[in-house]
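Novice: One structure coming up, written as structure tokens, with questions to follow.
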Amino acid sequence: MHPFLILLAGLAVILVAIVGLRVHAFLALLGAAILVSFLAPGDDLTRISRVAEAFGRMTGSVGIVIALAAIVGTAMTDSGAADRIVAAFLRVLGEKRDAVALGATSFVLSLPVFFDTVFFLLAPLARSMHARTKRHYLKYLLAMCASGVATHTLVPPHPGPLGVADTLHVDLGLMILMGIAISVPSSIVGFAFGTWIDRRMDVPMRFPVVEGAQAAAEKRMPPLVLAVLPVVLPVILIATGTMVEAMRVWMPARMELWNALRPVTSVLGNPNFAMFISAALALMLMVRQRQSGAAEIAAVVDRAIMGAGAVILIVAAGGAFGAMLQAAKIGPAIQVLFAGGRGQPGLSVLLLAFAITVVIKVAQGSSTVAMITTAGMMSAMLSDVVLPFHLVYLCTAISSGSLVGSWMNDAGFWVFSRIGGVTELETLRSWTPLSAIVGLTSLVTTLTLATVLPLR
């Protein structure tokens with residue numbers, strides 16, 4: 001069977017199962033992986049076992065990081081560390097820049113914490129700001145979302161970008177650095193759109209505000225240095241490991257120094273170890289602030305990893321689907337498309353990856369599923385193709401596409417609508433274009449960097 005037909009069959013299974021039959025994404029991706037494995041060449045005795053092996057490899061690569069990131073986010077919320085970061089930004093930027101403070105806070109908190117948790121955490125603050133200013137409620141909400149969705153889809157350890165980086169074999173530290181670099185301009189452009197649309201849409205605040213709640217909560221907040229430590233430390237550790245590996249290539253004259261540092265940074269900069277330290281710090285901070293006992297700590301960890309479990313299964317099933325596409329020999333087949341005198345593929349690959357992700361996102365709603373599915377397809381297609389830029393840009397192009405086309409089949413749509421107190425029509429006029437603008441800005445930034453800074 002031709003590899004492209006196998007690809008279409010696998011993709012059809014995913015879309016029909018999720019969109020048409022409302023099957024859970026884990027079962028849809030796993031079923032597609034099994035179908036592709038049966039259609040692909042190979043030993044009949046290994047058609048199921050190779051799916052399980054690929055699933056296990058992906059779980060081993062991302063499972064620990066996703067689970068630990070969920071623990072960090074839950075513990076930071078319970079300890080008041082997230083509230084402290086919010087208060088710090090407000091104090092530095094002042095009340096006149098309260099929307100900027102909300103956006104900056106969302107950016108920082110969304111590095112380790114899932115977007116819906118950050119939005120739920122900051123939404124009451126947006127309501128209290130509106131109660132004080134009597135305006136700009138939609139601007140406050142969109143300021144949080146612009147930076148929150150950008151980091152959530154571009155920066156590991158969030159499951160989407162983490163799974164994409166692992167599938168395409170991109171160094172996690174480099175993915176973090178480039179994800180942050182690309183999400184900054186995307187957040188700024190998204191904030192500008194929020195300011196613009198706020199002047200044209202009169203969205204009332206439909207929730208009551210509890211006066212004095214913020215002042216009472218502030219008394220229980222930890223010091224700022226301790227609050228930001230679970231966020232900053234793993235980024236520094238992972239980035240340090242990446243930089244030492246890069247310096248061994250860029251500055252070979254100091255090879256003795258880099259070789260001496262490498263045993264230390266390879267341990268401390270390992271994402272699993274860095275996130276383990278971050279989770280331990282976040283839990284210790286919770287104990288410090290709330291005098292939590294062993295039972296309460298266990299309950300927090302249990303709540304976090306139960307939520308992370310479904311995400312890990314989806315990411316691992318998507319990895320298995322990608323591996324089975326590789327077994328179907330779709331990589332050599334795609335090379336034919338680039339043959340015929342035009343040389344190696346260039347930016348068109350990034351546009352193709354972006355477009356595929358958008359189609360899958362619009363069809364089934366989940367950004368993570370769209371990213372993981374596209375990453376598996378592109379990994380199989382380009383397994384033997386040399387690109388003129390680093391694969392990290394393929395990762396960010398895929399992540400960018402997952403932001404375009406958010407509507408009523410996307411959980412983020414309903415998080416914004418229900419927690420923000422915004423009607424469905426208002427959400428379609430504000431949230432949907434905002435996420436698309438953030439995604440398109442990320443794509444433009446990706447294309448620009450791939451051209452001027454290919455990292456090859």
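Identifiers in the structure tokens: chain A, B, ... in order shown; residue index from 1 per chain; ligand index from 1 in order shown.
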Using only C-alpha atoms, determine which residues lie at most 9 Å from A:Met243, disregarding the query and same-chain residues fewer than 5 positions distant; provide the list as a short mmCIF file (atom, residue, chain, number, x, y, z; two decimals) with N, CA and C atoms, in the first residue's frame.
Specialist:
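Generated file (part24.cif):
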data_model
loop_
_atom_site.label_atom_id
_atom_site.label_comp_id
_atom_site.auth_asym_id
_atom_site.auth_seq_id
_atom_site.Cartn_x
_atom_site.Cartn_y
_atom_site.Cartn_z
N GLY A 173 16.43 22.19 26.04
CA GLY A 173 16.87 23.52 26.43
C GLY A 173 16.75 24.52 25.30
N LEU A 174 17.12 24.10 24.09
CA LEU A 174 17.00 24.98 22.93
C LEU A 174 15.53 25.27 22.64
N ILE A 238 18.24 23.66 32.87
CA ILE A 238 18.15 23.04 31.55
C ILE A 238 18.90 23.86 30.51
N ARG A 248 30.68 23.45 23.22
CA ARG A 248 31.64 22.44 22.77
C ARG A 248 31.78 22.47 21.25
#
Novice: Do you have, as CSV, the list of residues of stretch 145-234 of chain A lying at most 10 Å from stretch 57-74 of chain A, each with its nearest atom pair and that distance in Å to one decimal, counting only C-alpha atoms and ordered by chain then number?
Specialist:
residue,atom,partner,partner_atom,distance
A:Pro156,CA,A:Ile66,CA,9.1
A:Pro157,CA,A:Ile66,CA,6.4
A:His158,CA,A:Ile66,CA,6.8
A:Pro159,CA,A:Ile66,CA,6.2
A:Gly160,CA,A:Ile66,CA,10.0
A:Leu162,CA,A:Val62,CA,7.0
A:Gly163,CA,A:Val62,CA,6.7
A:Ala165,CA,A:Val62,CA,9.9
A:Asp166,CA,A:Ser61,CA,7.1
A:Thr167,CA,A:Met58,CA,8.0
A:Pro230,CA,A:Val72,CA,7.1
A:Val231,CA,A:Val72,CA,8.4
Novice: Where in stretch 73-149 of chain A does DSSP assign alpha helix (DSSP H), given as a VMD selection string?
Specialist: chain A and resid 73 to 79 81 to 93 98 to 109 115 to 133 137 to 149
Novice: Which residue is closest to A:Leu111? Choose from A:Leu351, A:Leu261, A:Val228, A:Leu168 and count only C-alpha atoms.
Specialist: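 Comparing A:Leu351, A:Leu261, A:Val228, A:Leu168 against A:Leu111, the winner is A:Val228.
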Novice: Which polymer residues have any atom within 10 Å of an atom of A:His2, counting only C-alpha atoms, with same-chain residues fewer than 6 positions away left out, as a list in words?
Specialist: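 Near A:His2, the qualifying residues are Leu39, Ala40, Ala328, Lys329, Ile330 and Ala333 of chain A.
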Novice: Can I get the selection written as a PDB file, in the first residue's frame, with C-alpha atoms?
Specialist:
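Below is the file that was written, result37.pdb:
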ATOM      1  CA  LEU A  39      -0.812  -1.426   6.792  1.00  0.00           C
ATOM      2  CA  ALA A  40       2.937  -0.741   6.975  1.00  0.00           C
ATOM      3  CA  ALA A 328       5.264   2.878   6.694  1.00  0.00           C
ATOM      4  CA  LYS A 329       8.221   4.458   4.811  1.00  0.00           C
ATOM      5  CA  ILE A 330       6.519   7.779   4.314  1.00  0.00           C
ATOM      6  CA  ALA A 333       7.964   8.863  -0.341  1.00  0.00           C
TER       7      ALA A 333
END
Novice: Mind pulling up the distance from atom CA of A:Ser147 to atom CA of A:Leu177?
Specialist: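 Taking atom CA of A:Leu177 and atom CA of A:Ser147, their separation equals 15.5 Å.
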Novice: Please measure the separation of atom CA of A:Gln326 and atom CA of A:Phe389, giving the value in Å to one decimal.
Specialist: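 Separation of atom CA of A:Gln326 and atom CA of A:Phe389: 21.7 Å.
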Novice: Any chance you could tabulate, as CSV, the residues of stretch 76-165 of chain A at most 7 Å from stretch 393-409 of chain A with each one's nearest atom pair and distance in Å to one decimal, using only C-alpha atoms, in chain and rising number order?
Specialist:
residue,atom,partner,partner_atom,distance
A:Thr153,CA,A:Ser399,CA,5.6
A:Leu154,CA,A:Ser399,CA,5.7
A:Pro161,CA,A:Ser399,CA,6.6
A:Val164,CA,A:Cys395,CA,6.0
A:Ala165,CA,A:Cys395,CA,6.2
Novice: Which residues come within 10 Å of A:Met221, counting only C-alpha atoms, excluding same-chain residues fewer than 5 positions away, as a ChimeraX atom specification?
Specialist: /A:79-85,87,216,227,289-290
Novice: Limited to C-alpha atoms, could you put the picked residues into a file as a PDB file, in the first residue's frame?
Specialist:
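Done, and the output landed in selection_2.pdb:
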ATOM      1  CA  SER A  79       1.116  27.813  48.468  1.00  0.00           C
ATOM      2  CA  GLY A  80       0.289  31.322  47.309  1.00  0.00           C
ATOM      3  CA  ALA A  81       3.464  31.554  45.219  1.00  0.00           C
ATOM      4  CA  ALA A  82       1.447  32.352  42.115  1.00  0.00           C
ATOM      5  CA  ASP A  83      -0.377  35.128  43.968  1.00  0.00           C
ATOM      6  CA  ARG A  84       2.946  36.596  45.089  1.00  0.00           C
ATOM      7  CA  ILE A  85       4.168  36.822  41.492  1.00  0.00           C
ATOM      8  CA  ALA A  87       1.349  41.103  43.369  1.00  0.00           C
ATOM      9  CA  ALA A 216      -6.353  39.009  53.066  1.00  0.00           C
ATOM     10  CA  ALA A 227       7.817  32.168  44.894  1.00  0.00           C
ATOM     11  CA  GLN A 289       3.236  28.527  53.911  1.00  0.00           C
ATOM     12  CA  ARG A 290       0.405  26.249  54.942  1.00  0.00           C
TER      13      ARG A 290
END
Novice: So that I can see what lies close to A:Trp431, please list as a ChimeraX atom specification the residues with an atom at most 8 Å from it, counting only C-alpha atoms and leaving out residues fewer than 6 positions away in the same chain.
Specialist: /A:142,406,413,416
Novice: Pick out the residues sitting within 12 Å of stretch 100-103 of chain A, and hand them over as a ChimeraX atom specification; count only C-alpha atoms, and ignore anything fewer than 3 positions along from it in its own chain.
Specialist: /A:82-83,85-97,106-110,118-119,121-127,129,137,139-151,184,186-192,194-195
Novice: Compare A:Val113, A:Met324, A:Ile360, A:Leu7 by their minimum atom-to-atom distance to A:Phe38, counting only C-alpha atoms, and give me the closest one.
Specialist: A:Met324
Novice: So how many Å separate atom CA of A:Leu313 and atom CA of A:Phe273, to one decimal?
Specialist: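 A separation of 21.2 Å between them.
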Novice: I need the residue nearest A:Val287 from this list: A:Asp43, A:Pro204, A:Ala274, A:Ala75. Use only C-alpha atoms for the distance.
Specialist: A:Ala75
Novice: Out of A:Leu455, A:Leu138, A:Trp414, A:Ala9, which residue has the shortest atom-to-atom distance to A:Phe193 when counting only C-alpha atoms?
Specialist: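 Comparing A:Leu455, A:Leu138, A:Trp414, A:Ala9 against A:Phe193, the winner is A:Leu138.
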